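Coordinates as given in work_12.cif (mmCIF, N, CA and C atoms):
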data_coords
#
loop_
_atom_site.label_atom_id
_atom_site.label_comp_id
_atom_site.auth_asym_id
_atom_site.auth_seq_id
_atom_site.Cartn_x
_atom_site.Cartn_y
_atom_site.Cartn_z
N MET A 1 -69.45 31.47 26.39
CA MET A 1 -70.87 31.64 26.23
C MET A 1 -71.58 31.45 27.58
N LEU A 2 -71.06 30.53 28.38
CA LEU A 2 -71.65 30.29 29.69
C LEU A 2 -71.52 31.53 30.58
N VAL A 3 -70.36 32.15 30.57
CA VAL A 3 -70.14 33.36 31.38
C VAL A 3 -71.06 34.48 30.92
N THR A 4 -71.21 34.63 29.62
CA THR A 4 -72.10 35.66 29.08
C THR A 4 -73.54 35.39 29.48
N CYS A 5 -73.94 34.14 29.42
CA CYS A 5 -75.30 33.77 29.81
C CYS A 5 -75.55 34.07 31.29
N ILE A 6 -74.62 33.67 32.13
CA ILE A 6 -74.77 33.92 33.57
C ILE A 6 -74.82 35.41 33.86
N ALA A 7 -73.95 36.17 33.21
CA ALA A 7 -73.91 37.62 33.44
C ALA A 7 -75.19 38.30 32.97
N SER A 8 -75.66 37.97 31.77
CA SER A 8 -76.86 38.66 31.26
C SER A 8 -78.11 38.25 32.03
N VAL A 9 -78.22 36.99 32.43
CA VAL A 9 -79.37 36.58 33.24
C VAL A 9 -79.32 37.24 34.62
N SER A 10 -78.12 37.34 35.19
CA SER A 10 -77.97 37.99 36.50
C SER A 10 -78.37 39.46 36.45
N VAL A 11 -77.94 40.15 35.41
CA VAL A 11 -78.30 41.56 35.28
C VAL A 11 -79.81 41.70 35.11
N TRP A 12 -80.43 40.80 34.34
CA TRP A 12 -81.88 40.86 34.18
C TRP A 12 -82.60 40.60 35.50
N LEU A 13 -82.14 39.57 36.24
CA LEU A 13 -82.78 39.24 37.51
C LEU A 13 -82.62 40.36 38.55
N LEU A 14 -81.48 41.02 38.52
CA LEU A 14 -81.23 42.12 39.45
C LEU A 14 -81.60 43.49 38.86
N GLY A 15 -82.22 43.46 37.69
CA GLY A 15 -82.50 44.69 36.96
C GLY A 15 -83.31 45.71 37.72
N LYS A 16 -84.34 45.28 38.41
CA LYS A 16 -85.20 46.24 39.13
C LYS A 16 -84.40 46.97 40.20
N GLN A 17 -83.56 46.24 40.93
CA GLN A 17 -82.74 46.87 41.97
C GLN A 17 -81.68 47.78 41.36
N LEU A 18 -81.04 47.30 40.28
CA LEU A 18 -80.01 48.12 39.64
C LEU A 18 -80.59 49.39 39.03
N LEU A 19 -81.72 49.25 38.35
CA LEU A 19 -82.34 50.42 37.73
C LEU A 19 -82.91 51.37 38.77
N GLY A 20 -83.28 50.84 39.93
CA GLY A 20 -83.79 51.67 41.01
C GLY A 20 -82.76 52.66 41.53
N ILE A 21 -81.49 52.39 41.28
CA ILE A 21 -80.43 53.33 41.65
C ILE A 21 -80.56 54.62 40.83
N PHE A 22 -81.01 54.48 39.58
CA PHE A 22 -81.02 55.61 38.66
C PHE A 22 -82.37 56.30 38.52
N THR A 23 -83.46 55.56 38.75
CA THR A 23 -84.78 56.17 38.57
C THR A 23 -85.82 55.48 39.46
N ASP A 24 -86.87 56.24 39.77
CA ASP A 24 -88.01 55.69 40.50
C ASP A 24 -89.21 55.50 39.57
N ASN A 25 -89.06 55.92 38.32
CA ASN A 25 -90.14 55.85 37.34
C ASN A 25 -90.37 54.40 36.94
N GLU A 26 -91.54 53.87 37.30
CA GLU A 26 -91.86 52.46 37.06
C GLU A 26 -91.95 52.14 35.57
N THR A 27 -92.40 53.09 34.76
CA THR A 27 -92.49 52.86 33.31
C THR A 27 -91.12 52.65 32.71
N ILE A 28 -90.18 53.48 33.09
CA ILE A 28 -88.82 53.36 32.59
C ILE A 28 -88.21 52.03 33.04
N ILE A 29 -88.45 51.65 34.26
CA ILE A 29 -87.91 50.39 34.78
C ILE A 29 -88.49 49.21 34.00
N GLN A 30 -89.79 49.22 33.70
CA GLN A 30 -90.41 48.11 32.96
C GLN A 30 -89.88 48.03 31.53
N ILE A 31 -89.70 49.17 30.88
CA ILE A 31 -89.13 49.19 29.52
C ILE A 31 -87.71 48.65 29.55
N ALA A 32 -86.92 49.09 30.52
CA ALA A 32 -85.54 48.63 30.63
C ALA A 32 -85.46 47.14 30.95
N LEU A 33 -86.37 46.64 31.77
CA LEU A 33 -86.38 45.20 32.08
C LEU A 33 -86.70 44.37 30.84
N SER A 34 -87.60 44.86 29.99
CA SER A 34 -87.89 44.13 28.75
C SER A 34 -86.67 44.11 27.83
N VAL A 35 -85.95 45.22 27.79
CA VAL A 35 -84.73 45.28 26.98
C VAL A 35 -83.66 44.35 27.56
N LEU A 36 -83.54 44.30 28.87
CA LEU A 36 -82.56 43.40 29.50
C LEU A 36 -82.90 41.94 29.24
N PHE A 37 -84.18 41.63 29.15
CA PHE A 37 -84.58 40.26 28.82
C PHE A 37 -84.19 39.92 27.39
N ILE A 38 -84.43 40.82 26.47
CA ILE A 38 -84.04 40.61 25.06
C ILE A 38 -82.53 40.52 24.95
N ASP A 39 -81.82 41.25 25.81
CA ASP A 39 -80.36 41.24 25.80
C ASP A 39 -79.79 39.85 26.10
N ILE A 40 -80.51 39.04 26.85
CA ILE A 40 -80.05 37.66 27.11
C ILE A 40 -79.88 36.91 25.80
N VAL A 41 -80.85 37.04 24.90
CA VAL A 41 -80.78 36.39 23.59
C VAL A 41 -79.71 37.05 22.73
N LEU A 42 -79.67 38.37 22.76
CA LEU A 42 -78.70 39.12 21.96
C LEU A 42 -77.27 38.72 22.29
N GLU A 43 -76.96 38.54 23.56
CA GLU A 43 -75.58 38.25 23.96
C GLU A 43 -75.08 36.91 23.43
N HIS A 44 -75.96 35.94 23.29
CA HIS A 44 -75.54 34.66 22.70
C HIS A 44 -75.09 34.86 21.25
N GLY A 45 -75.84 35.67 20.52
CA GLY A 45 -75.44 35.98 19.15
C GLY A 45 -74.15 36.75 19.09
N ARG A 46 -73.95 37.68 20.03
CA ARG A 46 -72.73 38.49 20.05
C ARG A 46 -71.49 37.63 20.29
N VAL A 47 -71.60 36.66 21.19
CA VAL A 47 -70.47 35.77 21.46
C VAL A 47 -70.11 34.98 20.20
N THR A 48 -71.12 34.50 19.49
CA THR A 48 -70.90 33.75 18.26
C THR A 48 -70.22 34.61 17.21
N VAL A 49 -70.70 35.85 17.07
CA VAL A 49 -70.08 36.77 16.10
C VAL A 49 -68.61 36.99 16.44
N LEU A 50 -68.33 37.28 17.68
CA LEU A 50 -66.94 37.55 18.08
C LEU A 50 -66.04 36.33 17.83
N LEU A 51 -66.54 35.17 18.16
CA LEU A 51 -65.75 33.95 17.95
C LEU A 51 -65.39 33.76 16.49
N PHE A 52 -66.39 33.75 15.63
CA PHE A 52 -66.13 33.47 14.23
C PHE A 52 -65.48 34.64 13.50
N LEU A 53 -65.81 35.86 13.87
CA LEU A 53 -65.20 37.02 13.22
C LEU A 53 -63.70 37.05 13.46
N PHE A 54 -63.28 36.87 14.71
CA PHE A 54 -61.86 36.94 15.01
C PHE A 54 -61.10 35.72 14.49
N THR A 55 -61.74 34.55 14.45
CA THR A 55 -61.05 33.40 13.88
C THR A 55 -60.88 33.56 12.38
N LEU A 56 -61.89 34.08 11.69
CA LEU A 56 -61.75 34.31 10.25
C LEU A 56 -60.72 35.39 9.96
N ARG A 57 -60.72 36.44 10.75
CA ARG A 57 -59.71 37.50 10.56
C ARG A 57 -58.30 36.96 10.78
N SER A 58 -58.13 36.16 11.82
CA SER A 58 -56.79 35.64 12.10
C SER A 58 -56.34 34.64 11.03
N ALA A 59 -57.29 34.04 10.33
CA ALA A 59 -56.93 33.13 9.24
C ALA A 59 -56.67 33.90 7.94
N GLY A 60 -56.88 35.21 7.96
CA GLY A 60 -56.61 36.03 6.78
C GLY A 60 -57.84 36.34 5.95
N ASP A 61 -58.98 35.84 6.34
CA ASP A 61 -60.22 36.10 5.62
C ASP A 61 -60.86 37.36 6.19
N ILE A 62 -60.61 38.49 5.52
CA ILE A 62 -61.04 39.77 6.07
C ILE A 62 -62.16 40.40 5.26
N VAL A 63 -62.06 40.37 3.95
CA VAL A 63 -62.99 41.10 3.10
C VAL A 63 -64.41 40.54 3.19
N VAL A 64 -64.57 39.25 3.04
CA VAL A 64 -65.91 38.66 3.06
C VAL A 64 -66.60 38.86 4.41
N PRO A 65 -65.94 38.63 5.56
CA PRO A 65 -66.62 38.91 6.83
C PRO A 65 -67.03 40.38 6.99
N VAL A 66 -66.24 41.30 6.47
CA VAL A 66 -66.62 42.72 6.55
C VAL A 66 -67.87 42.98 5.72
N ILE A 67 -67.95 42.38 4.54
CA ILE A 67 -69.14 42.54 3.69
C ILE A 67 -70.36 41.94 4.39
N ILE A 68 -70.19 40.76 4.99
CA ILE A 68 -71.27 40.12 5.73
C ILE A 68 -71.72 41.04 6.87
N GLU A 69 -70.75 41.58 7.61
CA GLU A 69 -71.06 42.46 8.73
C GLU A 69 -71.85 43.69 8.27
N LEU A 70 -71.38 44.34 7.22
CA LEU A 70 -72.05 45.55 6.73
C LEU A 70 -73.48 45.26 6.28
N PHE A 71 -73.66 44.20 5.50
CA PHE A 71 -74.99 43.87 5.01
C PHE A 71 -75.94 43.57 6.17
N CYS A 72 -75.53 42.70 7.08
CA CYS A 72 -76.40 42.31 8.19
C CYS A 72 -76.71 43.49 9.10
N MET A 73 -75.70 44.33 9.38
CA MET A 73 -75.94 45.48 10.24
C MET A 73 -76.94 46.43 9.62
N TRP A 74 -76.76 46.74 8.34
CA TRP A 74 -77.67 47.69 7.70
C TRP A 74 -79.07 47.11 7.55
N PHE A 75 -79.16 45.83 7.17
CA PHE A 75 -80.49 45.26 6.97
C PHE A 75 -81.22 45.05 8.29
N PHE A 76 -80.59 44.37 9.23
CA PHE A 76 -81.29 44.02 10.46
C PHE A 76 -81.30 45.17 11.47
N ALA A 77 -80.12 45.68 11.83
CA ALA A 77 -80.07 46.70 12.88
C ALA A 77 -80.74 47.99 12.44
N VAL A 78 -80.48 48.43 11.22
CA VAL A 78 -81.03 49.72 10.77
C VAL A 78 -82.45 49.57 10.23
N CYS A 79 -82.61 48.76 9.20
CA CYS A 79 -83.94 48.64 8.56
C CYS A 79 -84.97 48.00 9.48
N CYS A 80 -84.64 46.83 10.02
CA CYS A 80 -85.59 46.15 10.91
C CYS A 80 -85.78 46.93 12.21
N GLY A 81 -84.72 47.57 12.69
CA GLY A 81 -84.86 48.40 13.88
C GLY A 81 -85.85 49.52 13.66
N TYR A 82 -85.79 50.14 12.51
CA TYR A 82 -86.74 51.20 12.17
C TYR A 82 -88.16 50.63 12.07
N LEU A 83 -88.29 49.51 11.37
CA LEU A 83 -89.62 48.90 11.23
C LEU A 83 -90.21 48.50 12.57
N PHE A 84 -89.45 47.74 13.36
CA PHE A 84 -89.98 47.24 14.64
C PHE A 84 -90.19 48.37 15.64
N GLY A 85 -89.21 49.26 15.73
CA GLY A 85 -89.27 50.29 16.76
C GLY A 85 -90.20 51.43 16.46
N ILE A 86 -90.20 51.88 15.22
CA ILE A 86 -90.96 53.10 14.89
C ILE A 86 -92.23 52.78 14.11
N VAL A 87 -92.09 52.09 12.99
CA VAL A 87 -93.25 51.85 12.13
C VAL A 87 -94.28 50.96 12.82
N TRP A 88 -93.85 49.85 13.41
CA TRP A 88 -94.79 48.92 14.04
C TRP A 88 -95.01 49.23 15.52
N GLY A 89 -94.32 50.23 16.05
CA GLY A 89 -94.62 50.74 17.38
C GLY A 89 -94.15 49.91 18.57
N PHE A 90 -93.16 49.04 18.38
CA PHE A 90 -92.64 48.27 19.51
C PHE A 90 -91.66 49.06 20.36
N GLY A 91 -91.28 50.23 19.90
CA GLY A 91 -90.40 51.11 20.66
C GLY A 91 -89.01 50.53 20.87
N LEU A 92 -88.47 50.79 22.06
CA LEU A 92 -87.11 50.37 22.38
C LEU A 92 -86.95 48.86 22.32
N ALA A 93 -87.96 48.11 22.77
CA ALA A 93 -87.89 46.65 22.72
C ALA A 93 -87.81 46.16 21.28
N GLY A 94 -88.54 46.80 20.38
CA GLY A 94 -88.47 46.44 18.96
C GLY A 94 -87.10 46.68 18.37
N MET A 95 -86.47 47.78 18.78
CA MET A 95 -85.11 48.06 18.32
C MET A 95 -84.15 46.98 18.80
N TRP A 96 -84.29 46.57 20.04
CA TRP A 96 -83.39 45.56 20.59
C TRP A 96 -83.65 44.19 19.98
N ILE A 97 -84.89 43.90 19.61
CA ILE A 97 -85.16 42.65 18.89
C ILE A 97 -84.43 42.67 17.55
N ALA A 98 -84.44 43.81 16.87
CA ALA A 98 -83.71 43.94 15.61
C ALA A 98 -82.21 43.79 15.83
N PHE A 99 -81.68 44.34 16.92
CA PHE A 99 -80.26 44.18 17.23
C PHE A 99 -79.92 42.71 17.47
N ALA A 100 -80.82 41.99 18.15
CA ALA A 100 -80.60 40.56 18.38
C ALA A 100 -80.64 39.79 17.06
N MET A 101 -81.55 40.16 16.18
CA MET A 101 -81.60 39.53 14.86
C MET A 101 -80.32 39.79 14.09
N ASP A 102 -79.80 41.00 14.21
CA ASP A 102 -78.54 41.36 13.57
C ASP A 102 -77.40 40.47 14.07
N GLU A 103 -77.26 40.36 15.38
CA GLU A 103 -76.17 39.56 15.95
C GLU A 103 -76.30 38.09 15.55
N TRP A 104 -77.51 37.56 15.65
CA TRP A 104 -77.71 36.15 15.32
C TRP A 104 -77.49 35.88 13.84
N SER A 105 -77.96 36.76 12.97
CA SER A 105 -77.77 36.55 11.53
C SER A 105 -76.28 36.59 11.18
N ARG A 106 -75.56 37.56 11.74
CA ARG A 106 -74.12 37.62 11.48
C ARG A 106 -73.43 36.39 12.02
N GLY A 107 -73.79 35.95 13.21
CA GLY A 107 -73.18 34.77 13.79
C GLY A 107 -73.40 33.53 12.93
N ILE A 108 -74.61 33.36 12.46
CA ILE A 108 -74.93 32.19 11.63
C ILE A 108 -74.18 32.25 10.31
N VAL A 109 -74.19 33.39 9.65
CA VAL A 109 -73.52 33.51 8.35
C VAL A 109 -72.01 33.35 8.50
N LEU A 110 -71.43 33.93 9.55
CA LEU A 110 -69.98 33.77 9.77
C LEU A 110 -69.64 32.32 10.12
N ALA A 111 -70.51 31.64 10.86
CA ALA A 111 -70.29 30.22 11.16
C ALA A 111 -70.35 29.38 9.89
N LEU A 112 -71.28 29.72 9.01
CA LEU A 112 -71.35 29.01 7.72
C LEU A 112 -70.12 29.29 6.88
N ARG A 113 -69.64 30.52 6.92
CA ARG A 113 -68.40 30.88 6.20
C ARG A 113 -67.23 30.05 6.72
N TRP A 114 -67.15 29.90 8.03
CA TRP A 114 -66.08 29.10 8.63
C TRP A 114 -66.21 27.65 8.19
N ARG A 115 -67.44 27.16 8.17
CA ARG A 115 -67.68 25.76 7.84
C ARG A 115 -67.34 25.42 6.39
N THR A 116 -67.48 26.39 5.47
CA THR A 116 -67.15 26.13 4.06
C THR A 116 -65.65 25.97 3.85
N GLN A 117 -64.87 26.47 4.79
CA GLN A 117 -63.41 26.41 4.77
C GLN A 117 -62.80 27.16 3.59
N LYS A 118 -63.53 28.13 3.05
CA LYS A 118 -62.97 28.97 1.99
C LYS A 118 -61.88 29.87 2.54
N TRP A 119 -61.87 30.08 3.84
CA TRP A 119 -60.86 30.90 4.49
C TRP A 119 -59.48 30.26 4.38
N LYS A 120 -59.40 28.96 4.11
CA LYS A 120 -58.11 28.30 3.99
C LYS A 120 -57.34 28.77 2.76
N LYS A 121 -58.05 29.34 1.79
CA LYS A 121 -57.40 29.86 0.58
C LYS A 121 -56.73 31.20 0.84
N ARG A 122 -57.06 31.83 1.95
CA ARG A 122 -56.47 33.12 2.32
C ARG A 122 -55.23 32.86 3.16
N SER A 123 -54.27 33.75 3.07
CA SER A 123 -53.09 33.61 3.90
C SER A 123 -52.51 34.98 4.19
N LEU A 124 -52.15 35.19 5.44
CA LEU A 124 -51.54 36.46 5.82
C LEU A 124 -50.05 36.47 5.55
N ILE A 125 -49.44 35.28 5.56
CA ILE A 125 -47.99 35.16 5.40
C ILE A 125 -47.70 34.24 4.22
N GLN A 126 -46.88 34.71 3.32
CA GLN A 126 -46.43 33.90 2.22
C GLN A 126 -45.08 33.31 2.56
N SER A 127 -44.96 32.01 2.52
CA SER A 127 -43.70 31.37 2.89
C SER A 127 -43.00 30.86 1.63
N ASN A 128 -41.76 31.29 1.45
CA ASN A 128 -40.94 30.83 0.34
C ASN A 128 -39.84 29.89 0.81
N VAL A 129 -39.94 29.44 2.04
CA VAL A 129 -38.91 28.59 2.61
C VAL A 129 -39.15 27.16 2.19
N ASN A 130 -38.10 26.51 1.69
CA ASN A 130 -38.19 25.12 1.30
C ASN A 130 -37.63 24.30 2.46
N LEU A 131 -38.45 23.43 3.02
CA LEU A 131 -38.04 22.68 4.21
C LEU A 131 -37.39 21.35 3.88
N GLU A 132 -37.10 21.08 2.64
CA GLU A 132 -36.46 19.80 2.27
C GLU A 132 -34.99 19.78 2.54
#

Give the structure from this file in structure tokens form.
Amino acid sequence: MLVTCIASVSVWLLGKQLLGIFTDNETIIQIALSVLFIDIVLEHGRVTVLLFLFTLRSAGDIVVPVIIELFCMWFFAVCCGYLFGIVWGFGLAGMWIAFAMDEWSRGIVLALRWRTQKWKKRSLIQSNVNLE
């Protein structure tokens, strides 16, 4: 998480110079800088999702995390992205806020799933070996 934080903050701080390579349009640069700022928050959620998603998968809990992922993606990324970006007129920044909400909601729900320890009932390998 620390590496992700350093990388996303660095890209945001150097954003004007990096974006200047591709365009001279100040409007585009300002929109992109706002998105890069939102990306700092988004990346923390993404790290959390990756951590808990892969740990749950490796423990054999696959179906419930996939359902959580689908629901959160459709509700936050698609529905809220449409509302924030198009209906309420926040544009690209509104879409990225919805993406951040998606990542954070999935991260929180997957962390709660891990905490309930229901994944312990799942097993990828059935052992019939008697060690006595």

### Query
What does the distance from CA of Ile29 in chain A to atom N of Cys5 in chain A come to in Å, to one decimal?
22.1 Å

### Task
Would you translate the PyMOL selection byres (((chain A and resi 105 and name CA) around 12) and name CA) into the concrete set of residues it matches in this file, as a PyMOL selection string?
chain A and resi 42+44-46+48-49+68-77+98-104+106-112

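Take CA of Gly15 in chain A and CA of Leu36 in chain A: the distance between them is 7.6 Å.
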
#### Entry: Length of the atom N of Pro65 in chain A to atom N of Trp119 in chain A vector [Å]
9.6 Å

For range 6-46 of chain A, write C-alpha atoms out as an mmCIF file, in the first residue's frame.
data_model
loop_
_atom_site.group_PDB
_atom_site.id
_atom_site.type_symbol
_atom_site.label_atom_id
_atom_site.label_comp_id
_atom_site.auth_asym_id
_atom_site.auth_seq_id
_atom_site.Cartn_x
_atom_site.Cartn_y
_atom_site.Cartn_z
ATOM 1 C CA ILE A 6 4.071 6.866 -3.249
ATOM 2 C CA ALA A 7 3.584 6.015 -6.925
ATOM 3 C CA SER A 8 0.132 7.589 -7.261
ATOM 4 C CA VAL A 9 1.118 10.756 -5.369
ATOM 5 C CA SER A 10 4.288 11.034 -7.485
ATOM 6 C CA VAL A 11 2.334 10.724 -10.726
ATOM 7 C CA TRP A 12 -0.117 13.378 -9.510
ATOM 8 C CA LEU A 13 2.686 15.750 -8.468
ATOM 9 C CA LEU A 14 4.478 15.267 -11.789
ATOM 10 C CA GLY A 15 1.204 15.204 -13.716
ATOM 11 C CA LYS A 16 1.517 18.588 -15.390
ATOM 12 C CA GLN A 17 4.972 17.749 -16.760
ATOM 13 C CA LEU A 18 3.953 14.225 -17.797
ATOM 14 C CA LEU A 19 0.755 15.380 -19.481
ATOM 15 C CA GLY A 20 2.667 18.185 -21.187
ATOM 16 C CA ILE A 21 4.410 15.507 -23.232
ATOM 17 C CA PHE A 22 1.087 14.605 -24.846
ATOM 18 C CA THR A 23 -0.836 17.884 -25.036
ATOM 19 C CA ASP A 24 -0.556 21.645 -24.639
ATOM 20 C CA ASN A 25 -4.293 22.049 -24.013
ATOM 21 C CA GLU A 26 -4.621 23.454 -20.489
ATOM 22 C CA THR A 27 -8.233 22.260 -20.125
ATOM 23 C CA ILE A 28 -7.268 18.671 -20.810
ATOM 24 C CA ILE A 29 -4.347 18.916 -18.393
ATOM 25 C CA GLN A 30 -6.592 20.285 -15.601
ATOM 26 C CA ILE A 31 -9.195 17.544 -16.125
ATOM 27 C CA ALA A 32 -6.474 14.892 -16.113
ATOM 28 C CA LEU A 33 -4.899 16.340 -12.952
ATOM 29 C CA SER A 34 -8.242 16.118 -11.145
ATOM 30 C CA VAL A 35 -8.556 12.490 -12.225
ATOM 31 C CA LEU A 36 -4.991 11.766 -11.060
ATOM 32 C CA PHE A 37 -5.858 13.257 -7.671
ATOM 33 C CA ILE A 38 -8.930 11.021 -7.368
ATOM 34 C CA ASP A 39 -6.730 8.110 -8.452
ATOM 35 C CA ILE A 40 -4.709 8.477 -5.225
ATOM 36 C CA VAL A 41 -7.821 7.479 -3.254
ATOM 37 C CA LEU A 42 -8.842 4.862 -5.808
ATOM 38 C CA GLU A 43 -5.496 3.051 -5.616
ATOM 39 C CA HIS A 44 -5.822 2.446 -1.875
ATOM 40 C CA GLY A 45 -9.122 0.688 -2.513
ATOM 41 C CA ARG A 46 -7.617 -1.307 -5.381
#
